Amino acid sequence: MNSRKEQLDAFNRLLDIMDDLREKCPWDKKQTLESLRHLTIEETYELADAILDNDLSEIKKELGDVLLHIVFYAKIGSEKNAFDIADVANAISDKLIDRHPHIYGDVQVENEADVKRNWENLKLKEGKNSVLEGVPKSLPAVVKASRIQEKVAGVGFDWEKPEQVWEKVQEELTELNEEIKAGNTENTEKEFGDVLFSMINYARFINVNPENALEKTNKKFINRFQYLEKEAKKQNKQLSEMSLTEMDVFWEKSKQFFK
(Lines give C-alpha, C1' and ligand atoms only; values in the text may rest on other atoms or scores of the structure.)
Protein backbone atom coordinates (compact mmCIF):
# COMPACT_ATOMS: atom_id res chain seq x y z
CA MET A 1 0.00 0.00 0.00
CA ASN A 2 1.02 3.61 -0.54
CA SER A 3 2.52 5.71 2.22
CA ARG A 4 0.64 8.74 3.58
CA LYS A 5 2.97 11.02 1.57
CA GLU A 6 2.22 9.08 -1.61
CA GLN A 7 -1.49 9.29 -0.90
CA LEU A 8 -1.31 13.05 -0.40
CA ASP A 9 0.84 13.43 -3.54
CA ALA A 10 -1.74 11.49 -5.54
CA PHE A 11 -4.56 13.67 -4.21
CA ASN A 12 -2.55 16.81 -4.98
CA ARG A 13 -2.02 15.52 -8.53
CA LEU A 14 -5.78 15.14 -8.94
CA LEU A 15 -6.34 18.69 -7.71
CA ASP A 16 -3.78 20.00 -10.25
CA ILE A 17 -5.45 18.07 -13.06
CA MET A 18 -8.84 19.46 -12.03
CA ASP A 19 -7.41 22.98 -12.20
CA ASP A 20 -6.11 22.30 -15.71
CA LEU A 21 -9.37 20.80 -16.94
CA ARG A 22 -11.47 23.61 -15.54
CA GLU A 23 -9.25 26.15 -17.30
CA LYS A 24 -8.60 24.42 -20.63
CA CYS A 25 -11.25 21.79 -21.42
CA PRO A 26 -14.45 23.14 -23.09
CA TRP A 27 -16.64 20.43 -21.51
CA ASP A 28 -15.23 20.76 -18.00
CA LYS A 29 -15.40 24.56 -18.15
CA LYS A 30 -19.10 24.37 -18.97
CA GLN A 31 -20.15 22.20 -16.01
CA THR A 32 -22.11 23.53 -13.06
CA LEU A 33 -23.20 22.07 -9.73
CA GLU A 34 -26.56 21.31 -11.28
CA SER A 35 -25.23 19.75 -14.50
CA LEU A 36 -23.02 17.36 -12.53
CA ARG A 37 -25.80 16.19 -10.20
CA HIS A 38 -27.30 13.44 -12.35
CA LEU A 39 -23.83 12.23 -13.33
CA THR A 40 -22.87 11.95 -9.66
CA ILE A 41 -25.98 9.89 -8.96
CA GLU A 42 -25.10 7.59 -11.86
CA GLU A 43 -21.51 7.19 -10.64
CA THR A 44 -22.76 6.36 -7.15
CA TYR A 45 -24.99 3.61 -8.49
CA GLU A 46 -22.11 2.22 -10.54
CA LEU A 47 -20.03 2.08 -7.37
CA ALA A 48 -22.90 0.34 -5.60
CA ASP A 49 -23.06 -2.26 -8.39
CA ALA A 50 -19.33 -2.94 -8.12
CA ILE A 51 -19.65 -3.39 -4.35
CA LEU A 52 -22.47 -5.91 -4.76
CA ASP A 53 -20.40 -7.77 -7.35
CA ASN A 54 -17.45 -7.72 -4.92
CA ASP A 55 -15.28 -6.56 -7.83
CA LEU A 56 -12.40 -4.81 -6.04
CA SER A 57 -10.78 -3.64 -9.27
CA GLU A 58 -14.03 -2.05 -10.41
CA ILE A 59 -14.64 -0.57 -6.94
CA LYS A 60 -11.27 1.19 -7.19
CA LYS A 61 -12.24 2.69 -10.55
CA GLU A 62 -15.69 3.77 -9.42
CA LEU A 63 -14.31 5.33 -6.23
CA GLY A 64 -12.05 7.38 -8.47
CA ASP A 65 -15.06 8.59 -10.45
CA VAL A 66 -16.87 9.58 -7.25
CA LEU A 67 -13.75 11.29 -5.91
CA LEU A 68 -13.45 13.24 -9.15
CA HIS A 69 -16.96 14.57 -8.66
CA ILE A 70 -16.17 15.66 -5.10
CA VAL A 71 -13.10 17.52 -6.32
CA PHE A 72 -15.13 18.97 -9.20
CA TYR A 73 -17.81 20.34 -6.86
CA ALA A 74 -15.16 21.80 -4.57
CA LYS A 75 -13.45 23.49 -7.52
CA ILE A 76 -16.72 25.11 -8.59
CA GLY A 77 -17.31 26.15 -4.97
CA SER A 78 -13.92 27.86 -4.87
CA GLU A 79 -14.72 29.75 -8.07
CA LYS A 80 -17.82 31.06 -6.37
CA ASN A 81 -15.75 32.02 -3.31
CA ALA A 82 -18.05 29.79 -1.26
CA PHE A 83 -15.76 26.89 -0.23
CA ASP A 84 -12.84 24.82 -1.46
CA ILE A 85 -11.66 21.24 -0.92
CA ALA A 86 -9.93 22.18 2.35
CA ASP A 87 -13.22 23.56 3.71
CA VAL A 88 -14.96 20.34 2.68
CA ALA A 89 -12.35 18.15 4.37
CA ASN A 90 -12.21 20.28 7.51
CA ALA A 91 -15.99 20.39 7.81
CA ILE A 92 -16.33 16.61 7.75
CA SER A 93 -13.35 16.23 10.09
CA ASP A 94 -14.92 18.63 12.59
CA LYS A 95 -18.23 16.77 12.34
CA LEU A 96 -16.58 13.40 12.92
CA ILE A 97 -14.77 14.69 16.00
CA ASP A 98 -17.93 16.28 17.40
CA ARG A 99 -20.03 13.17 16.68
CA HIS A 100 -17.51 10.78 18.29
CA PRO A 101 -17.16 12.06 21.86
CA HIS A 102 -16.42 8.46 22.91
CA ILE A 103 -13.17 8.76 20.90
CA TYR A 104 -12.31 12.46 21.20
CA GLY A 105 -14.04 13.17 24.51
CA ASP A 106 -14.95 11.52 27.79
CA VAL A 107 -18.24 9.84 26.80
CA GLN A 108 -18.43 6.10 27.51
CA VAL A 109 -20.18 3.67 25.15
CA GLU A 110 -20.67 -0.08 25.38
CA ASN A 111 -21.69 -0.99 21.83
CA GLU A 112 -22.68 0.13 18.35
CA ALA A 113 -26.23 0.94 19.45
CA ASP A 114 -24.89 3.48 21.98
CA VAL A 115 -22.83 5.12 19.25
CA LYS A 116 -25.86 5.46 16.94
CA ARG A 117 -28.02 6.81 19.76
CA ASN A 118 -25.41 9.42 20.67
CA TRP A 119 -25.06 10.36 16.99
CA GLU A 120 -28.76 11.13 16.61
CA ASN A 121 -28.98 12.99 19.91
CA LEU A 122 -25.98 15.12 18.97
CA LYS A 123 -27.62 16.05 15.67
CA LEU A 124 -30.70 17.27 17.54
CA LYS A 125 -28.47 19.38 19.79
CA GLU A 126 -26.93 20.90 16.65
CA GLY A 127 -30.30 22.47 15.84
CA LYS A 128 -32.15 19.87 13.80
CA ASN A 129 -35.88 19.74 14.57
CA SER A 130 -36.29 16.07 13.69
CA VAL A 131 -34.06 13.02 13.51
CA LEU A 132 -35.60 12.43 10.08
CA GLU A 133 -34.36 15.72 8.60
CA GLY A 134 -31.22 14.01 7.39
CA VAL A 135 -33.09 11.55 5.16
CA PRO A 136 -32.87 12.84 1.55
CA LYS A 137 -36.26 13.21 -0.13
CA SER A 138 -34.98 11.81 -3.42
CA LEU A 139 -33.69 8.51 -2.00
CA PRO A 140 -35.15 5.36 -3.59
CA ALA A 141 -38.11 4.19 -1.51
CA VAL A 142 -36.50 1.01 -0.15
CA VAL A 143 -33.35 2.86 0.93
CA LYS A 144 -35.42 5.69 2.38
CA ALA A 145 -37.53 3.28 4.44
CA SER A 146 -34.36 1.68 5.81
CA ARG A 147 -32.86 5.02 6.77
CA ILE A 148 -36.10 6.20 8.40
CA GLN A 149 -36.26 3.07 10.54
CA GLU A 150 -32.58 3.22 11.48
CA LYS A 151 -32.87 6.84 12.53
CA VAL A 152 -35.96 6.48 14.72
CA ALA A 153 -34.45 3.34 16.26
CA GLY A 154 -31.40 5.43 17.12
CA VAL A 155 -33.50 7.46 19.57
CA GLY A 156 -35.27 4.43 21.05
CA PHE A 157 -38.41 4.25 18.90
CA ASP A 158 -38.11 0.58 18.04
CA TRP A 159 -39.33 -2.95 18.65
CA GLU A 160 -37.58 -5.00 21.30
CA LYS A 161 -37.48 -8.40 19.58
CA PRO A 162 -37.44 -9.70 15.97
CA GLU A 163 -40.48 -11.83 16.79
CA GLN A 164 -42.54 -8.70 17.41
CA VAL A 165 -41.61 -7.30 14.01
CA TRP A 166 -42.46 -10.58 12.30
CA GLU A 167 -45.88 -10.53 13.97
CA LYS A 168 -46.33 -7.05 12.52
CA VAL A 169 -45.44 -8.38 9.08
CA GLN A 170 -48.08 -11.09 9.44
CA GLU A 171 -50.62 -8.51 10.60
CA GLU A 172 -49.92 -6.30 7.58
CA LEU A 173 -50.19 -9.28 5.21
CA THR A 174 -53.59 -10.14 6.66
CA GLU A 175 -54.80 -6.55 6.20
CA LEU A 176 -53.48 -6.55 2.62
CA ASN A 177 -55.31 -9.79 1.85
CA GLU A 178 -58.55 -8.38 3.26
CA GLU A 179 -58.36 -5.31 1.01
CA ILE A 180 -57.56 -7.45 -2.04
CA LYS A 181 -60.64 -9.59 -1.34
CA ALA A 182 -62.73 -6.44 -0.88
CA GLY A 183 -61.52 -5.13 -4.25
CA ASN A 184 -60.51 -1.77 -2.79
CA THR A 185 -57.66 -0.66 -5.08
CA GLU A 186 -56.68 2.45 -3.11
CA ASN A 187 -56.55 0.64 0.24
CA THR A 188 -54.75 -2.31 -1.37
CA GLU A 189 -51.94 0.01 -2.44
CA LYS A 190 -51.70 1.46 1.07
CA GLU A 191 -51.61 -1.95 2.70
CA PHE A 192 -49.05 -3.19 0.19
CA GLY A 193 -46.85 -0.25 1.19
CA ASP A 194 -47.31 -1.19 4.85
CA VAL A 195 -46.23 -4.77 4.08
CA LEU A 196 -43.08 -3.55 2.33
CA PHE A 197 -42.28 -1.12 5.14
CA SER A 198 -42.70 -3.82 7.79
CA MET A 199 -40.58 -6.30 5.79
CA ILE A 200 -37.82 -3.72 5.45
CA ASN A 201 -38.00 -3.16 9.18
CA TYR A 202 -37.80 -6.91 9.82
CA ALA A 203 -34.73 -7.10 7.56
CA ARG A 204 -32.95 -4.78 9.97
CA PHE A 205 -33.64 -7.15 12.85
CA ILE A 206 -32.22 -10.16 11.01
CA ASN A 207 -29.16 -8.20 9.80
CA VAL A 208 -30.15 -8.12 6.14
CA ASN A 209 -29.76 -5.03 3.97
CA PRO A 210 -33.05 -5.02 2.02
CA GLU A 211 -31.71 -2.92 -0.87
CA ASN A 212 -28.74 -5.25 -1.34
CA ALA A 213 -30.90 -8.33 -0.94
CA LEU A 214 -33.40 -7.17 -3.56
CA GLU A 215 -30.69 -6.11 -6.00
CA LYS A 216 -28.97 -9.49 -5.66
CA THR A 217 -32.29 -11.14 -6.45
CA ASN A 218 -32.68 -8.80 -9.45
CA LYS A 219 -29.26 -9.84 -10.73
CA LYS A 220 -30.02 -13.51 -10.16
CA PHE A 221 -33.30 -13.25 -12.05
CA ILE A 222 -31.64 -11.41 -14.94
CA ASN A 223 -28.92 -14.06 -15.20
CA ARG A 224 -31.44 -16.91 -15.13
CA PHE A 225 -33.74 -15.28 -17.65
CA GLN A 226 -30.88 -14.50 -20.03
CA TYR A 227 -29.77 -18.13 -19.73
CA LEU A 228 -33.32 -19.11 -20.69
CA GLU A 229 -33.16 -16.80 -23.72
CA LYS A 230 -29.80 -18.22 -24.86
CA GLU A 231 -30.92 -21.82 -24.51
CA ALA A 232 -34.11 -21.13 -26.43
CA LYS A 233 -32.12 -19.40 -29.16
CA LYS A 234 -29.85 -22.46 -29.46
CA GLN A 235 -32.97 -24.44 -30.38
CA ASN A 236 -34.12 -21.73 -32.80
CA LYS A 237 -37.13 -20.94 -30.61
CA GLN A 238 -38.70 -17.63 -29.63
CA LEU A 239 -39.82 -17.33 -26.00
CA SER A 240 -43.14 -15.89 -27.13
CA GLU A 241 -43.78 -19.13 -29.03
CA MET A 242 -42.91 -21.43 -26.13
CA SER A 243 -45.20 -22.68 -23.41
CA LEU A 244 -44.47 -21.99 -19.77
CA THR A 245 -43.76 -25.69 -19.31
CA GLU A 246 -41.10 -25.59 -22.03
CA MET A 247 -39.55 -22.44 -20.60
CA ASP A 248 -39.58 -23.88 -17.10
CA VAL A 249 -37.22 -26.67 -18.20
CA PHE A 250 -34.52 -24.12 -19.03
CA TRP A 251 -35.40 -22.02 -15.98
CA GLU A 252 -34.86 -24.94 -13.61
CA LYS A 253 -31.57 -25.74 -15.36
CA SER A 254 -30.41 -22.13 -14.92
CA LYS A 255 -30.61 -22.55 -11.15
CA GLN A 256 -27.57 -24.85 -11.35
CA PHE A 257 -25.50 -21.90 -12.56
CA PHE A 258 -27.09 -18.90 -10.86
CA LYS A 259 -27.96 -19.35 -7.18
# chains A, B, ... in the order shown; residues from 1 in each chain; ligands from 1
$ closest_atom_pairs --of "stretch 126-197 of chain A" --to "stretch 101-116 of chain A" --cutoff "12 Å" --atoms "only C-alpha atoms" --output "tab-separated table"
residue	atom	partner	partner_atom	distance
A:Val131	CA	A:Lys116	CA	11.7
A:Glu150	CA	A:Lys116	CA	8.9
A:Lys151	CA	A:Lys116	CA	8.4
A:Val152	CA	A:Lys116	CA	10.4
A:Ala153	CA	A:Lys116	CA	8.9
A:Gly154	CA	A:Lys116	CA	5.5
A:Val155	CA	A:Lys116	CA	8.3
A:Gly156	CA	A:Ala113	CA	9.8
A:Asp158	CA	A:Ala113	CA	12.0
$ residues_around --residues "A:Thr44" --least-positions-apart "4" --cutoff "12 Å" --atoms "only C-alpha atoms" --output "ChimeraX atom specification"
/A:37-40,48-51,59,61-70
$ write_last_selection --atoms "N, CA, C and O atoms" --output "mmCIF file, in the first residue's frame"
data_model
loop_
_atom_site.group_PDB
_atom_site.id
_atom_site.type_symbol
_atom_site.label_atom_id
_atom_site.label_comp_id
_atom_site.auth_asym_id
_atom_site.auth_seq_id
_atom_site.Cartn_x
_atom_site.Cartn_y
_atom_site.Cartn_z
ATOM 1 N N ARG A 37 -24.996 16.951 -11.179
ATOM 2 C CA ARG A 37 -25.798 16.194 -10.200
ATOM 3 C C ARG A 37 -26.198 14.815 -10.702
ATOM 4 O O ARG A 37 -25.970 13.802 -10.026
ATOM 5 N N HIS A 38 -26.818 14.733 -11.870
ATOM 6 C CA HIS A 38 -27.305 13.436 -12.352
ATOM 7 C C HIS A 38 -26.154 12.489 -12.668
ATOM 8 O O HIS A 38 -26.275 11.273 -12.533
ATOM 9 N N LEU A 39 -25.005 13.063 -13.062
ATOM 10 C CA LEU A 39 -23.830 12.227 -13.329
ATOM 11 C C LEU A 39 -23.288 11.638 -12.027
ATOM 12 O O LEU A 39 -22.836 10.484 -11.995
ATOM 13 N N THR A 40 -23.338 12.434 -10.968
ATOM 14 C CA THR A 40 -22.872 11.955 -9.664
ATOM 15 C C THR A 40 -23.746 10.803 -9.174
ATOM 16 O O THR A 40 -23.243 9.813 -8.640
ATOM 17 N N ALA A 48 -22.078 1.283 -6.359
ATOM 18 C CA ALA A 48 -22.901 0.336 -5.603
ATOM 19 C C ALA A 48 -22.961 -1.019 -6.300
ATOM 20 O O ALA A 48 -22.912 -2.066 -5.649
ATOM 21 N N ASP A 49 -23.047 -1.007 -7.633
ATOM 22 C CA ASP A 49 -23.061 -2.258 -8.392
ATOM 23 C C ASP A 49 -21.760 -3.021 -8.203
ATOM 24 O O ASP A 49 -21.757 -4.244 -8.008
ATOM 25 N N ALA A 50 -20.642 -2.300 -8.267
ATOM 26 C CA ALA A 50 -19.331 -2.942 -8.119
ATOM 27 C C ALA A 50 -19.171 -3.554 -6.729
ATOM 28 O O ALA A 50 -18.579 -4.627 -6.574
ATOM 29 N N ILE A 51 -19.727 -2.874 -5.729
ATOM 30 C CA ILE A 51 -19.650 -3.389 -4.354
ATOM 31 C C ILE A 51 -20.452 -4.682 -4.234
ATOM 32 O O ILE A 51 -19.990 -5.665 -3.643
ATOM 33 N N ILE A 59 -14.380 -1.481 -8.056
ATOM 34 C CA ILE A 59 -14.640 -0.566 -6.936
ATOM 35 C C ILE A 59 -13.603 0.553 -6.930
ATOM 36 O O ILE A 59 -13.935 1.729 -6.733
ATOM 37 N N LYS A 61 -11.957 1.773 -9.451
ATOM 38 C CA LYS A 61 -12.241 2.693 -10.551
ATOM 39 C C LYS A 61 -13.428 3.586 -10.236
ATOM 40 O O LYS A 61 -13.386 4.809 -10.476
ATOM 41 N N GLU A 62 -14.480 2.998 -9.698
ATOM 42 C CA GLU A 62 -15.686 3.775 -9.416
ATOM 43 C C GLU A 62 -15.472 4.758 -8.269
ATOM 44 O O GLU A 62 -16.038 5.859 -8.267
ATOM 45 N N LEU A 63 -14.658 4.386 -7.303
ATOM 46 C CA LEU A 63 -14.309 5.327 -6.233
ATOM 47 C C LEU A 63 -13.584 6.532 -6.810
ATOM 48 O O LEU A 63 -13.783 7.672 -6.370
ATOM 49 N N GLY A 64 -12.743 6.269 -7.806
ATOM 50 C CA GLY A 64 -12.049 7.377 -8.470
ATOM 51 C C GLY A 64 -13.019 8.319 -9.143
ATOM 52 O O GLY A 64 -12.867 9.547 -9.074
ATOM 53 N N ASP A 65 -14.052 7.749 -9.791
ATOM 54 C CA ASP A 65 -15.056 8.590 -10.446
ATOM 55 C C ASP A 65 -15.812 9.440 -9.431
ATOM 56 O O ASP A 65 -16.083 10.624 -9.665
ATOM 57 N N VAL A 66 -16.170 8.826 -8.297
ATOM 58 C CA VAL A 66 -16.873 9.575 -7.253
ATOM 59 C C VAL A 66 -15.970 10.659 -6.671
ATOM 60 O O VAL A 66 -16.405 11.795 -6.444
ATOM 61 N N LEU A 67 -14.701 10.317 -6.444
ATOM 62 C CA LEU A 67 -13.750 11.291 -5.912
ATOM 63 C C LEU A 67 -13.579 12.465 -6.869
ATOM 64 O O LEU A 67 -13.487 13.625 -6.444
ATOM 65 N N LEU A 68 -13.549 12.173 -8.162
ATOM 66 C CA LEU A 68 -13.448 13.242 -9.153
ATOM 67 C C LEU A 68 -14.599 14.219 -9.006
ATOM 68 O O LEU A 68 -14.417 15.439 -9.069
ATOM 69 N N HIS A 69 -15.799 13.691 -8.798
ATOM 70 C CA HIS A 69 -16.963 14.567 -8.657
ATOM 71 C C HIS A 69 -16.856 15.431 -7.406
ATOM 72 O O HIS A 69 -17.224 16.609 -7.430
ATOM 73 N N ILE A 70 -16.354 14.873 -6.326
ATOM 74 C CA ILE A 70 -16.173 15.655 -5.104
ATOM 75 C C ILE A 70 -15.204 16.804 -5.347
ATOM 76 O O ILE A 70 -15.454 17.959 -4.965
#
$ residues_around --residues "A:Glu231" --least-positions-apart "3" --cutoff "10 Å" --atoms "only C-alpha atoms" --output "number ranges by chain"
A: 225-228, 234-237, 247, 250-251, 253-254
$ residues_around --residues "A:Val169" --least-positions-apart "3" --cutoff "8 Å" --atoms "only C-alpha atoms" --output "list in words"
Val165, Trp166, Glu172, Leu173, Val195, Ser198, Met199 and Tyr202 of chain A
$ write_last_selection --atoms "all heavy atoms" --output "PDB file, in the first residue's frame"
ATOM      1  N   VAL A 165     -41.573  -7.889  15.353  1.00  0.00           N
ATOM      2  CA  VAL A 165     -41.606  -7.305  14.012  1.00  0.00           C
ATOM      3  C   VAL A 165     -42.225  -8.292  13.031  1.00  0.00           C
ATOM      4  O   VAL A 165     -42.999  -7.914  12.144  1.00  0.00           O
ATOM      5  CB  VAL A 165     -40.188  -6.911  13.545  1.00  0.00           C
ATOM      6  CG1 VAL A 165     -40.264  -6.076  12.277  1.00  0.00           C
ATOM      7  CG2 VAL A 165     -39.457  -6.135  14.631  1.00  0.00           C
ATOM      8  N   TRP A 166     -41.896  -9.572  13.183  1.00  0.00           N
ATOM      9  CA  TRP A 166     -42.456 -10.583  12.302  1.00  0.00           C
ATOM     10  C   TRP A 166     -43.969 -10.688  12.487  1.00  0.00           C
ATOM     11  O   TRP A 166     -44.704 -10.869  11.515  1.00  0.00           O
ATOM     12  CB  TRP A 166     -41.800 -11.942  12.546  1.00  0.00           C
ATOM     13  CG  TRP A 166     -42.307 -13.007  11.630  1.00  0.00           C
ATOM     14  CD1 TRP A 166     -42.991 -14.136  11.965  1.00  0.00           C
ATOM     15  CD2 TRP A 166     -42.181 -13.037  10.200  1.00  0.00           C
ATOM     16  NE1 TRP A 166     -43.306 -14.866  10.842  1.00  0.00           N
ATOM     17  CE2 TRP A 166     -42.821 -14.213   9.749  1.00  0.00           C
ATOM     18  CE3 TRP A 166     -41.588 -12.179   9.273  1.00  0.00           C
ATOM     19  CZ2 TRP A 166     -42.883 -14.557   8.403  1.00  0.00           C
ATOM     20  CZ3 TRP A 166     -41.658 -12.518   7.925  1.00  0.00           C
ATOM     21  CH2 TRP A 166     -42.290 -13.692   7.503  1.00  0.00           C
ATOM     22  N   GLU A 172     -49.787  -7.110   8.788  1.00  0.00           N
ATOM     23  CA  GLU A 172     -49.924  -6.300   7.583  1.00  0.00           C
ATOM     24  C   GLU A 172     -50.320  -7.149   6.378  1.00  0.00           C
ATOM     25  O   GLU A 172     -51.097  -6.715   5.519  1.00  0.00           O
ATOM     26  CB  GLU A 172     -48.612  -5.555   7.285  1.00  0.00           C
ATOM     27  CG  GLU A 172     -48.184  -4.555   8.357  1.00  0.00           C
ATOM     28  CD  GLU A 172     -49.149  -3.388   8.513  1.00  0.00           C
ATOM     29  OE1 GLU A 172     -50.101  -3.272   7.704  1.00  0.00           O
ATOM     30  OE2 GLU A 172     -48.971  -2.589   9.446  1.00  0.00           O
ATOM     31  N   LEU A 173     -49.807  -8.380   6.303  1.00  0.00           N
ATOM     32  CA  LEU A 173     -50.185  -9.282   5.215  1.00  0.00           C
ATOM     33  C   LEU A 173     -51.671  -9.628   5.275  1.00  0.00           C
ATOM     34  O   LEU A 173     -52.346  -9.699   4.243  1.00  0.00           O
ATOM     35  CB  LEU A 173     -49.342 -10.558   5.277  1.00  0.00           C
ATOM     36  CG  LEU A 173     -47.908 -10.457   4.760  1.00  0.00           C
ATOM     37  CD1 LEU A 173     -47.111 -11.697   5.146  1.00  0.00           C
ATOM     38  CD2 LEU A 173     -47.892 -10.266   3.241  1.00  0.00           C
ATOM     39  N   VAL A 195     -46.921  -3.472   4.073  1.00  0.00           N
ATOM     40  CA  VAL A 195     -46.227  -4.766   4.075  1.00  0.00           C
ATOM     41  C   VAL A 195     -44.755  -4.578   3.758  1.00  0.00           C
ATOM     42  O   VAL A 195     -43.877  -5.127   4.438  1.00  0.00           O
ATOM     43  CB  VAL A 195     -46.879  -5.740   3.061  1.00  0.00           C
ATOM     44  CG1 VAL A 195     -45.997  -6.980   2.883  1.00  0.00           C
ATOM     45  CG2 VAL A 195     -48.261  -6.156   3.530  1.00  0.00           C
ATOM     46  N   SER A 198     -42.919  -2.917   6.662  1.00  0.00           N
ATOM     47  CA  SER A 198     -42.696  -3.819   7.792  1.00  0.00           C
ATOM     48  C   SER A 198     -41.651  -4.881   7.458  1.00  0.00           C
ATOM     49  O   SER A 198     -40.862  -5.285   8.322  1.00  0.00           O
ATOM     50  CB  SER A 198     -44.012  -4.483   8.221  1.00  0.00           C
ATOM     51  OG  SER A 198     -44.576  -5.238   7.163  1.00  0.00           O
ATOM     52  N   MET A 199     -41.597  -5.331   6.207  1.00  0.00           N
ATOM     53  CA  MET A 199     -40.584  -6.300   5.794  1.00  0.00           C
ATOM     54  C   MET A 199     -39.195  -5.683   5.832  1.00  0.00           C
ATOM     55  O   MET A 199     -38.214  -6.322   6.244  1.00  0.00           O
ATOM     56  CB  MET A 199     -40.884  -6.810   4.386  1.00  0.00           C
ATOM     57  CG  MET A 199     -41.934  -7.900   4.327  1.00  0.00           C
ATOM     58  SD  MET A 199     -41.425  -9.418   5.192  1.00  0.00           S
ATOM     59  CE  MET A 199     -40.004  -9.914   4.230  1.00  0.00           C
ATOM     60  N   TYR A 202     -38.193  -5.583   9.352  1.00  0.00           N
ATOM     61  CA  TYR A 202     -37.797  -6.912   9.819  1.00  0.00           C
ATOM     62  C   TYR A 202     -36.393  -7.260   9.326  1.00  0.00           C
ATOM     63  O   TYR A 202     -35.622  -7.906  10.048  1.00  0.00           O
ATOM     64  CB  TYR A 202     -38.798  -7.958   9.328  1.00  0.00           C
ATOM     65  CG  TYR A 202     -38.526  -9.347   9.843  1.00  0.00           C
ATOM     66  CD1 TYR A 202     -38.529  -9.624  11.208  1.00  0.00           C
ATOM     67  CD2 TYR A 202     -38.259 -10.400   8.960  1.00  0.00           C
ATOM     68  CE1 TYR A 202     -38.270 -10.903  11.682  1.00  0.00           C
ATOM     69  CE2 TYR A 202     -38.008 -11.679   9.427  1.00  0.00           C
ATOM     70  CZ  TYR A 202     -38.009 -11.927  10.794  1.00  0.00           C
ATOM     71  OH  TYR A 202     -37.747 -13.186  11.261  1.00  0.00           O
TER      72      TYR A 202
END
$ select_by_dssp --residues "stretch 29-200 of chain A" --states "alpha helix (DSSP H)" --output "number ranges by chain"
A: 29-30, 33-52, 56-79, 85-99, 101-104, 112-125, 141-153, 162-182, 185-200
$ atom_distance --atom1 "atom CA of A:Leu33" --atom2 "atom CA of A:Arg147"
25.6 Å
$ residues_around --residues "stretch 13-19 of chain A" --least-positions-apart "2" --cutoff "8 Å" --atoms "only C-alpha atoms" --output "list in words"
Asp9, Ala10, Phe11, Leu21, Arg22, Glu23, Leu68, Val71, Phe72 and Lys75 of chain A
$ residues_around --residues "A:Lys219" --least-positions-apart "3" --cutoff "12 Å" --atoms "only C-alpha atoms" --output "list of chain:residue names"
A:Asp49, A:Leu52, A:Asp53, A:Asn212, A:Ala213, A:Leu214, A:Glu215, A:Lys216, A:Ile222, A:Asn223, A:Arg224, A:Phe225, A:Gln226, A:Phe258, A:Lys259
$ atom_distance --atom1 "atom CA of A:Ala91" --atom2 "atom CA of A:Ser78"
14.9 Å
$ atom_distance --atom1 "atom CA of A:Ala82" --atom2 "atom CA of A:Leu122"
26.2 Å
